[in-house]
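Chemist: If it helps, the file is called final_21.txt and holds compact mmCIF, C-alpha atoms:
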# COMPACT_ATOMS: atom_id res chain seq x y z
CA MET A 1 14.87 -37.60 -34.45
CA GLY A 2 14.81 -33.79 -34.63
CA LEU A 3 17.79 -31.54 -35.14
CA ASN A 4 18.85 -28.53 -33.10
CA VAL A 5 17.92 -25.94 -35.71
CA GLN A 6 19.33 -22.42 -35.68
CA ILE A 7 17.34 -19.82 -37.64
CA SER A 8 18.88 -16.71 -39.18
CA ALA A 9 18.14 -14.22 -41.94
CA GLY A 10 20.08 -14.23 -45.19
CA PHE A 11 23.14 -16.15 -46.34
CA SER A 12 26.70 -15.55 -47.48
CA ASP A 13 27.96 -15.51 -51.06
CA ASP A 14 29.90 -18.68 -50.27
CA GLU A 15 26.59 -20.47 -49.69
CA ARG A 16 25.13 -19.56 -53.07
CA PRO A 17 26.18 -22.78 -54.90
CA GLU A 18 24.80 -24.96 -52.10
CA ILE A 19 21.50 -23.08 -51.94
CA SER A 20 21.21 -23.14 -55.73
CA ALA A 21 21.64 -26.93 -55.73
CA MET A 22 19.09 -27.35 -52.92
CA TYR A 23 16.62 -25.12 -54.76
CA TRP A 24 17.01 -27.13 -57.95
CA ALA A 25 16.63 -30.43 -56.07
CA ALA A 26 13.31 -29.15 -54.71
CA PHE A 27 11.91 -27.39 -57.77
CA GLY A 28 13.85 -28.76 -60.73
CA GLN A 29 11.13 -31.26 -61.61
CA LYS A 30 8.67 -28.38 -61.97
CA LEU A 31 11.05 -25.97 -63.70
CA GLY A 32 13.30 -28.35 -65.61
CA HIS A 33 11.63 -28.10 -69.04
CA VAL A 34 11.72 -24.31 -68.86
CA MET A 35 14.91 -23.49 -66.95
CA GLY A 36 17.07 -26.40 -68.07
CA PRO A 37 19.59 -27.59 -68.91
CA LYS A 38 20.52 -28.11 -65.26
CA LYS A 39 23.99 -26.54 -65.48
CA ARG A 40 22.60 -23.31 -66.92
CA ALA A 41 19.69 -23.27 -64.48
CA LEU A 42 22.03 -23.65 -61.50
CA ALA A 43 24.17 -20.75 -62.73
CA PHE A 44 21.08 -18.58 -63.19
CA ILE A 45 19.68 -19.39 -59.72
CA GLU A 46 23.05 -18.90 -58.04
CA ASP A 47 23.43 -15.50 -59.70
CA LEU A 48 19.92 -14.27 -58.84
CA LEU A 49 19.52 -15.54 -55.25
CA ASP A 50 18.64 -12.64 -52.97
CA PRO A 51 19.70 -13.06 -49.31
CA SER A 52 17.40 -10.23 -48.23
CA HIS A 53 14.43 -12.45 -49.10
CA ALA A 54 15.64 -15.61 -47.36
CA ILE A 55 15.50 -17.18 -43.93
CA CYS A 56 17.89 -20.07 -43.35
CA ALA A 57 18.03 -23.03 -41.01
CA ARG A 58 21.44 -24.30 -39.90
CA ASP A 59 22.70 -26.91 -37.50
CA GLN A 60 24.79 -26.09 -34.43
CA GLY A 61 27.94 -26.16 -36.53
CA GLY A 62 26.56 -23.65 -39.02
CA ALA A 63 25.90 -26.15 -41.82
CA LEU A 64 22.95 -25.21 -44.00
CA LEU A 65 19.84 -27.38 -43.50
CA GLY A 66 17.15 -25.50 -45.40
CA VAL A 67 15.83 -22.20 -46.71
CA VAL A 68 12.47 -20.49 -46.90
CA GLY A 69 12.03 -17.62 -49.34
CA PHE A 70 9.49 -14.83 -49.43
CA LYS A 71 8.29 -12.32 -51.97
CA THR A 72 7.70 -8.61 -51.45
CA ALA A 73 7.23 -5.57 -53.66
CA LYS A 74 11.03 -5.23 -53.55
CA GLY A 75 11.89 -8.69 -54.83
CA ALA A 76 11.94 -12.42 -54.12
CA LEU A 77 14.35 -15.22 -53.23
CA VAL A 78 15.02 -15.84 -56.93
CA ASP A 79 14.01 -12.79 -58.88
CA GLY A 80 15.43 -11.29 -62.02
CA THR A 81 14.73 -9.12 -65.00
CA TRP A 82 14.52 -10.08 -68.64
CA ALA A 83 18.08 -8.78 -68.95
CA ASP A 84 19.22 -11.21 -66.23
CA MET A 85 17.54 -14.06 -68.09
CA THR A 86 19.14 -12.97 -71.36
CA ARG A 87 22.57 -12.95 -69.77
CA HIS A 88 22.23 -16.67 -69.00
CA TYR A 89 20.00 -17.97 -71.80
CA GLY A 90 20.50 -15.59 -74.71
CA TRP A 91 17.86 -13.45 -76.42
CA ILE A 92 15.79 -16.25 -77.94
CA GLY A 93 16.06 -18.56 -74.94
CA SER A 94 15.10 -15.82 -72.51
CA THR A 95 12.08 -14.72 -74.57
CA TRP A 96 10.18 -18.02 -74.49
CA ARG A 97 11.29 -18.87 -70.96
CA THR A 98 10.06 -15.53 -69.63
CA ALA A 99 6.72 -15.96 -71.41
CA LEU A 100 6.17 -19.32 -69.70
CA LEU A 101 7.48 -18.38 -66.25
CA VAL A 102 5.23 -15.33 -66.04
CA LEU A 103 2.30 -17.76 -66.01
CA LEU A 104 3.52 -19.06 -62.62
CA GLU A 105 4.02 -15.61 -61.11
CA ARG A 106 2.21 -14.81 -57.89
CA ASP A 107 1.48 -11.21 -57.09
CA THR A 108 2.23 -9.72 -53.72
CA GLU A 109 -0.64 -8.10 -51.88
CA ASN A 110 -1.11 -5.84 -48.90
CA GLN A 111 -3.12 -8.26 -46.76
CA ARG A 112 -1.02 -11.45 -46.82
CA PHE A 113 2.70 -12.12 -46.56
CA LEU A 114 3.76 -14.31 -49.50
CA MET A 115 5.99 -17.31 -48.86
CA ASP A 116 7.92 -18.11 -52.02
CA GLY A 117 9.31 -21.62 -51.62
CA VAL A 118 10.72 -23.72 -48.80
CA PHE A 119 13.32 -26.43 -49.28
CA VAL A 120 15.33 -28.69 -47.00
CA ALA A 121 18.58 -30.56 -47.61
CA SER A 122 17.94 -34.24 -48.36
CA HIS A 123 19.81 -35.46 -45.27
CA ALA A 124 17.75 -33.18 -43.02
CA GLN A 125 14.26 -33.98 -44.30
CA GLY A 126 11.78 -35.35 -41.79
CA LYS A 127 13.71 -33.90 -38.85
CA GLY A 128 11.72 -30.79 -38.09
CA VAL A 129 13.59 -28.36 -40.34
CA GLY A 130 10.60 -27.56 -42.54
CA THR A 131 8.47 -26.94 -39.46
CA ALA A 132 11.12 -24.63 -38.00
CA LEU A 133 11.27 -22.67 -41.26
CA LEU A 134 7.48 -22.32 -41.42
CA ASP A 135 7.49 -20.99 -37.86
CA ALA A 136 10.32 -18.61 -38.76
CA ILE A 137 8.54 -17.16 -41.78
CA SER A 138 5.33 -16.83 -39.78
CA ASN A 139 7.27 -14.86 -37.19
CA GLU A 140 8.76 -12.69 -39.95
CA ALA A 141 5.27 -12.00 -41.30
CA VAL A 142 4.07 -10.94 -37.83
CA ARG A 143 7.16 -8.77 -37.39
CA ARG A 144 6.22 -6.98 -40.63
CA GLY A 145 2.67 -6.43 -39.44
CA TYR A 146 0.85 -9.12 -41.44
CA LYS A 147 -2.04 -11.14 -40.05
CA GLU A 148 -1.93 -13.88 -42.70
CA LEU A 149 0.74 -15.94 -44.44
CA ARG A 150 0.06 -17.20 -47.96
CA LEU A 151 1.66 -19.90 -50.08
CA ASP A 152 0.88 -22.09 -53.08
CA VAL A 153 1.38 -25.86 -53.13
CA VAL A 154 1.25 -28.02 -56.25
CA ASP A 155 -0.83 -31.17 -56.52
CA LYS A 156 2.31 -33.28 -56.99
CA ASN A 157 3.53 -32.45 -53.47
CA PRO A 158 1.07 -34.00 -50.99
CA ARG A 159 3.78 -34.34 -48.34
CA ALA A 160 4.31 -30.57 -48.26
CA ARG A 161 0.57 -29.94 -48.24
CA ALA A 162 0.17 -32.27 -45.24
CA LEU A 163 2.85 -30.30 -43.38
CA TYR A 164 1.15 -27.01 -44.21
CA GLU A 165 -2.19 -28.34 -42.98
CA ARG A 166 -0.58 -29.49 -39.71
CA LYS A 167 0.78 -25.97 -39.28
CA GLY A 168 -2.67 -24.43 -39.64
CA PHE A 169 -2.79 -23.49 -43.32
CA ILE A 170 -6.26 -23.63 -44.88
CA ALA A 171 -6.73 -24.49 -48.56
CA GLY A 172 -8.40 -21.91 -50.77
CA ASP A 173 -8.44 -21.28 -54.51
CA VAL A 174 -7.18 -23.96 -56.86
CA HIS A 175 -5.43 -22.80 -60.03
CA HIS A 176 -5.44 -25.30 -62.92
CA LEU A 177 -2.67 -25.22 -65.53
CA GLY A 178 -4.58 -26.92 -68.33
CA PRO A 179 -2.28 -27.91 -71.23
CA LEU A 180 0.69 -26.27 -69.49
CA ARG A 181 0.72 -29.22 -67.08
CA HIS A 182 2.78 -31.06 -69.68
CA ILE A 183 5.49 -28.40 -69.45
CA PHE A 184 5.58 -27.85 -65.69
CA GLY A 185 4.81 -31.39 -64.55
CA PHE A 186 1.88 -30.59 -62.29
CA SER A 187 -1.82 -30.02 -62.97
CA SER A 188 -2.86 -27.52 -60.34
CA ALA A 189 -1.69 -25.36 -57.45
CA THR A 190 -3.70 -24.61 -54.33
CA THR A 191 -3.41 -21.34 -52.45
CA MET A 192 -3.19 -21.91 -48.70
CA VAL A 193 -3.42 -19.30 -45.94
CA ARG A 194 -2.39 -19.39 -42.29
CA GLN A 195 -3.91 -16.98 -39.79
CA LEU A 196 -1.24 -15.34 -37.62
CA SER A 197 -1.41 -13.92 -34.14
CA ALA A 198 0.85 -11.19 -32.84
Show me this structure written as structure tokens.

Modeler:
Amino acid sequence: MGLNVQISAGFSDDERPEISAMYWAAFGQKLGHVMGPKKRALAFIEDLLDPSHAICARDQGGALLGVVGFKTAKGALVDGTWADMTRHYGWIGSTWRTALLVLLERDTENQRFLMDGVFVASHAQGKGVGTALLDAISNEAVRRGYKELRLDVVDKNPRARALYERKGFIAGDVHHLGPLRHIFGFSSATTMVRQLSA
């Protein structure tokens, strides 16, 4: 059964811990070896979350159901400098973590709006929240003048890929991690693109 989903841009500082926990629940398996331990990773994410690069789904009572992030030349949902990383992980810890994370970086481009992660609260999964967020970010892309929306999906997430395909995303380039698959927990990521209409 679907939920009555309310879409809005950004979030309050009070929601940072909840969004950080939801983000880690969605991406912790991929990032755990690099960003862990969990307590430190949650503090880092909570500190760096940028509401100007987020669209949120809430229920009628205002409770958070999910978030979709996007990346622009001005930043991303979770974006920080080496100094930010050092503040949470120390000089040595930030050096090797930054070197590994840069391998997952996706560049922004002029032609396609870049979605940078979508995640839904566990109790709200399968109830149309992810679909509502994909529609919302597509609308945001159109509002900004883009004709295409781009994302990457890892091979370990077939459920998400199936949703993207239902929403009109077409698979393109596949990026293989090689030996780094042992660190990040997935072997490849596929770029998918959705054509948008104004």

Chemist: Check the smallest atom-to-atom distance from each of A:Leu180, A:Leu104, A:Val120, A:Leu196 to Arg150 (chain A) using all atoms listed in the file, then report the winner.

Modeler: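 Of A:Leu180, A:Leu104, A:Val120, A:Leu196, the one nearest Arg150 (chain A), counting all atoms listed in the file, is A:Leu196.
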
Chemist: Quick one, how far is CA of Leu177 (chain A) from CA of Pro158 (chain A)?

Modeler: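 Value for the CA of Leu177 (chain A)-CA of Pro158 (chain A) distance: 17.4 Å.
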
Chemist: Just give me the residues with any atom within 12 Å of (-1.6, -29.6, -54.7), file coordinates, counting all atoms listed in the file, written as a list in words.

Modeler: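 Neighbouring residues, ordered by chain and number, come to Leu151, Asp152, Val153, Val154, Asp155, Lys156, Asn157, Pro158, Arg159, Ala160, Arg161, Ala162, Tyr164, Glu165, Ala171, Gly172, Asp173, Val174, His175, His176, Leu177, Gly185, Phe186, Ser187, Ser188, Ala189, Thr190, Thr191 and Met192 of chain A.
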
Chemist: How would the residues just picked look written out with C-alpha atoms as a PDB file, in the coordinates of the input?

Modeler:
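This went into out-v5.pdb:
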ATOM      1  CA  LEU A 151       1.660 -19.900 -50.080  1.00  0.00           C
ATOM      2  CA  ASP A 152       0.880 -22.090 -53.080  1.00  0.00           C
ATOM      3  CA  VAL A 153       1.380 -25.860 -53.130  1.00  0.00           C
ATOM      4  CA  VAL A 154       1.250 -28.020 -56.250  1.00  0.00           C
ATOM      5  CA  ASP A 155      -0.830 -31.170 -56.520  1.00  0.00           C
ATOM      6  CA  LYS A 156       2.310 -33.280 -56.990  1.00  0.00           C
ATOM      7  CA  ASN A 157       3.530 -32.450 -53.470  1.00  0.00           C
ATOM      8  CA  PRO A 158       1.070 -34.000 -50.990  1.00  0.00           C
ATOM      9  CA  ARG A 159       3.780 -34.340 -48.340  1.00  0.00           C
ATOM     10  CA  ALA A 160       4.310 -30.570 -48.260  1.00  0.00           C
ATOM     11  CA  ARG A 161       0.570 -29.940 -48.240  1.00  0.00           C
ATOM     12  CA  ALA A 162       0.170 -32.270 -45.240  1.00  0.00           C
ATOM     13  CA  TYR A 164       1.150 -27.010 -44.210  1.00  0.00           C
ATOM     14  CA  GLU A 165      -2.190 -28.340 -42.980  1.00  0.00           C
ATOM     15  CA  ALA A 171      -6.730 -24.490 -48.560  1.00  0.00           C
ATOM     16  CA  GLY A 172      -8.400 -21.910 -50.770  1.00  0.00           C
ATOM     17  CA  ASP A 173      -8.440 -21.280 -54.510  1.00  0.00           C
ATOM     18  CA  VAL A 174      -7.180 -23.960 -56.860  1.00  0.00           C
ATOM     19  CA  HIS A 175      -5.430 -22.800 -60.030  1.00  0.00           C
ATOM     20  CA  HIS A 176      -5.440 -25.300 -62.920  1.00  0.00           C
ATOM     21  CA  LEU A 177      -2.670 -25.220 -65.530  1.00  0.00           C
ATOM     22  CA  GLY A 185       4.810 -31.390 -64.550  1.00  0.00           C
ATOM     23  CA  PHE A 186       1.880 -30.590 -62.290  1.00  0.00           C
ATOM     24  CA  SER A 187      -1.820 -30.020 -62.970  1.00  0.00           C
ATOM     25  CA  SER A 188      -2.860 -27.520 -60.340  1.00  0.00           C
ATOM     26  CA  ALA A 189      -1.690 -25.360 -57.450  1.00  0.00           C
ATOM     27  CA  THR A 190      -3.700 -24.610 -54.330  1.00  0.00           C
ATOM     28  CA  THR A 191      -3.410 -21.340 -52.450  1.00  0.00           C
ATOM     29  CA  MET A 192      -3.190 -21.910 -48.700  1.00  0.00           C
TER      30      MET A 192
END

Chemist: Nearest residue to Ile137 (chain A) out of A:Ala54, A:Val102, A:Ala41, A:Met22, using only C-alpha atoms?

Modeler: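 Closest to Ile137 (chain A) of all the choices is A:Ala54.
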
Chemist: Could you give me, as a list of chain:residue names, the residues within 12 Å of Gly28 (chain A), counting only C-alpha atoms and dropping anything in the same chain fewer than 6 positions from it?

Modeler: A:Ser20, A:Ala21, A:Met22, A:Val34, A:Met35, A:Gly36, A:Pro37, A:Lys38, A:Lys39, A:Ala41, A:Leu42, A:Ile45, A:Phe119, A:Phe184, A:Gly185

Chemist: Would you give the centre and edge lengths, in Å to one decimal, of a box along x, y and z around the listed atoms of region 127-136 of chain A, with 3 Å added to each side, as lines of an AutoDock Vina configuration file?

Modeler:
center_x = 10.6
center_y = -26.3
center_z = -40.2
size_x = 12.2
size_y = 21.3
size_z = 10.7

Chemist: How far is it from CA of Ala73 (chain A) to CA of Arg87 (chain A), in Å with one decimal?

Modeler: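 Separating CA of Ala73 (chain A) from CA of Arg87 (chain A) is a distance of 23.4 Å.
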
Chemist: Using all atoms listed in the file, which residues sit within 10 Å of Arg97 (chain A) once same-chain residues fewer than 3 positions away are excluded, as a list in words?

Modeler: His33, Val34, Met35, Gly36, Trp82, Met85, Thr86, Tyr89, Ile92, Gly93, Ser94, Leu100, Leu101 and Val102 of chain A

Chemist: Could you tell me which of A:Ala63, A:Leu49, A:Leu114, A:Leu163 comes closest to Leu149 (chain A) if we count all atoms listed in the file?

Modeler: A:Leu114

Chemist: Quote the spacing between CA of Arg194 (chain A) and CA of Glu148 (chain A) in Å to one decimal place.

Modeler: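 Computing it gives 5.5 Å between the two atoms.
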
Chemist: Contacts of Glu15 (chain A) at 12 Å or less, counting all atoms listed in the file, minus same-chain residues fewer than 4 places along, as an NGL selection string?

Modeler: :A and (10-11 or 19-22 or 46-47 or 49-51 or 56 or 58 or 62-67)

Chemist: Can you write out the residues you just picked, keeping C-alpha atoms, as a compact mmCIF listing (two decimals), in the coordinates of the input?

Modeler:
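Resulting contents of out_3.txt:
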# COMPACT_ATOMS: atom_id res chain seq x y z
CA GLY A 10 20.08 -14.23 -45.19
CA PHE A 11 23.14 -16.15 -46.34
CA ILE A 19 21.50 -23.08 -51.94
CA SER A 20 21.21 -23.14 -55.73
CA ALA A 21 21.64 -26.93 -55.73
CA MET A 22 19.09 -27.35 -52.92
CA GLU A 46 23.05 -18.90 -58.04
CA ASP A 47 23.43 -15.50 -59.70
CA LEU A 49 19.52 -15.54 -55.25
CA ASP A 50 18.64 -12.64 -52.97
CA PRO A 51 19.70 -13.06 -49.31
CA CYS A 56 17.89 -20.07 -43.35
CA ARG A 58 21.44 -24.30 -39.90
CA GLY A 62 26.56 -23.65 -39.02
CA ALA A 63 25.90 -26.15 -41.82
CA LEU A 64 22.95 -25.21 -44.00
CA LEU A 65 19.84 -27.38 -43.50
CA GLY A 66 17.15 -25.50 -45.40
CA VAL A 67 15.83 -22.20 -46.71

Chemist: Missing atoms in region 110-127 of chain A: fill them in up to N, CA and C atoms and send the result as a short mmCIF file (atom, residue, chain, number, x, y, z; two decimals), in the frame of the given file.

Modeler:
data_model
loop_
_atom_site.label_atom_id
_atom_site.label_comp_id
_atom_site.auth_asym_id
_atom_site.auth_seq_id
_atom_site.Cartn_x
_atom_site.Cartn_y
_atom_site.Cartn_z
N ASN A 110 -1.28 -6.55 -50.16
CA ASN A 110 -1.11 -5.84 -48.90
C ASN A 110 -1.55 -6.65 -47.70
N GLN A 111 -2.49 -7.59 -47.89
CA GLN A 111 -3.12 -8.26 -46.76
C GLN A 111 -2.37 -9.51 -46.28
N ARG A 112 -1.66 -10.17 -47.17
CA ARG A 112 -1.02 -11.45 -46.82
C ARG A 112 0.46 -11.43 -47.19
N PHE A 113 1.27 -11.98 -46.30
CA PHE A 113 2.70 -12.12 -46.56
C PHE A 113 2.89 -13.36 -47.43
N LEU A 114 3.64 -13.24 -48.51
CA LEU A 114 3.76 -14.31 -49.50
C LEU A 114 5.04 -15.12 -49.32
N MET A 115 4.87 -16.37 -48.92
CA MET A 115 5.99 -17.31 -48.86
C MET A 115 6.28 -17.76 -50.28
N ASP A 116 7.55 -17.82 -50.64
CA ASP A 116 7.92 -18.11 -52.02
C ASP A 116 8.91 -19.27 -52.07
N GLY A 117 8.48 -20.42 -51.55
CA GLY A 117 9.31 -21.62 -51.62
C GLY A 117 10.02 -21.95 -50.33
N VAL A 118 9.96 -23.21 -49.94
CA VAL A 118 10.72 -23.72 -48.80
C VAL A 118 11.36 -25.02 -49.24
N PHE A 119 12.63 -25.21 -48.89
CA PHE A 119 13.32 -26.43 -49.28
C PHE A 119 14.34 -26.81 -48.23
N VAL A 120 14.49 -28.12 -48.06
CA VAL A 120 15.33 -28.69 -47.00
C VAL A 120 16.32 -29.66 -47.62
N ALA A 121 17.55 -29.63 -47.13
CA ALA A 121 18.58 -30.56 -47.61
C ALA A 121 18.10 -32.00 -47.44
N SER A 122 18.45 -32.86 -48.37
CA SER A 122 17.94 -34.24 -48.36
C SER A 122 18.25 -34.96 -47.05
N HIS A 123 19.44 -34.75 -46.50
CA HIS A 123 19.81 -35.46 -45.27
C HIS A 123 19.08 -34.94 -44.03
N ALA A 124 18.42 -33.78 -44.16
CA ALA A 124 17.75 -33.18 -43.02
C ALA A 124 16.23 -33.27 -43.10
N GLN A 125 15.71 -33.89 -44.14
CA GLN A 125 14.26 -33.98 -44.30
C GLN A 125 13.66 -34.91 -43.25
N GLY A 126 12.47 -34.55 -42.79
CA GLY A 126 11.78 -35.35 -41.79
C GLY A 126 12.30 -35.17 -40.38
N LYS A 127 13.10 -34.11 -40.17
CA LYS A 127 13.71 -33.90 -38.85
C LYS A 127 13.32 -32.57 -38.23
#
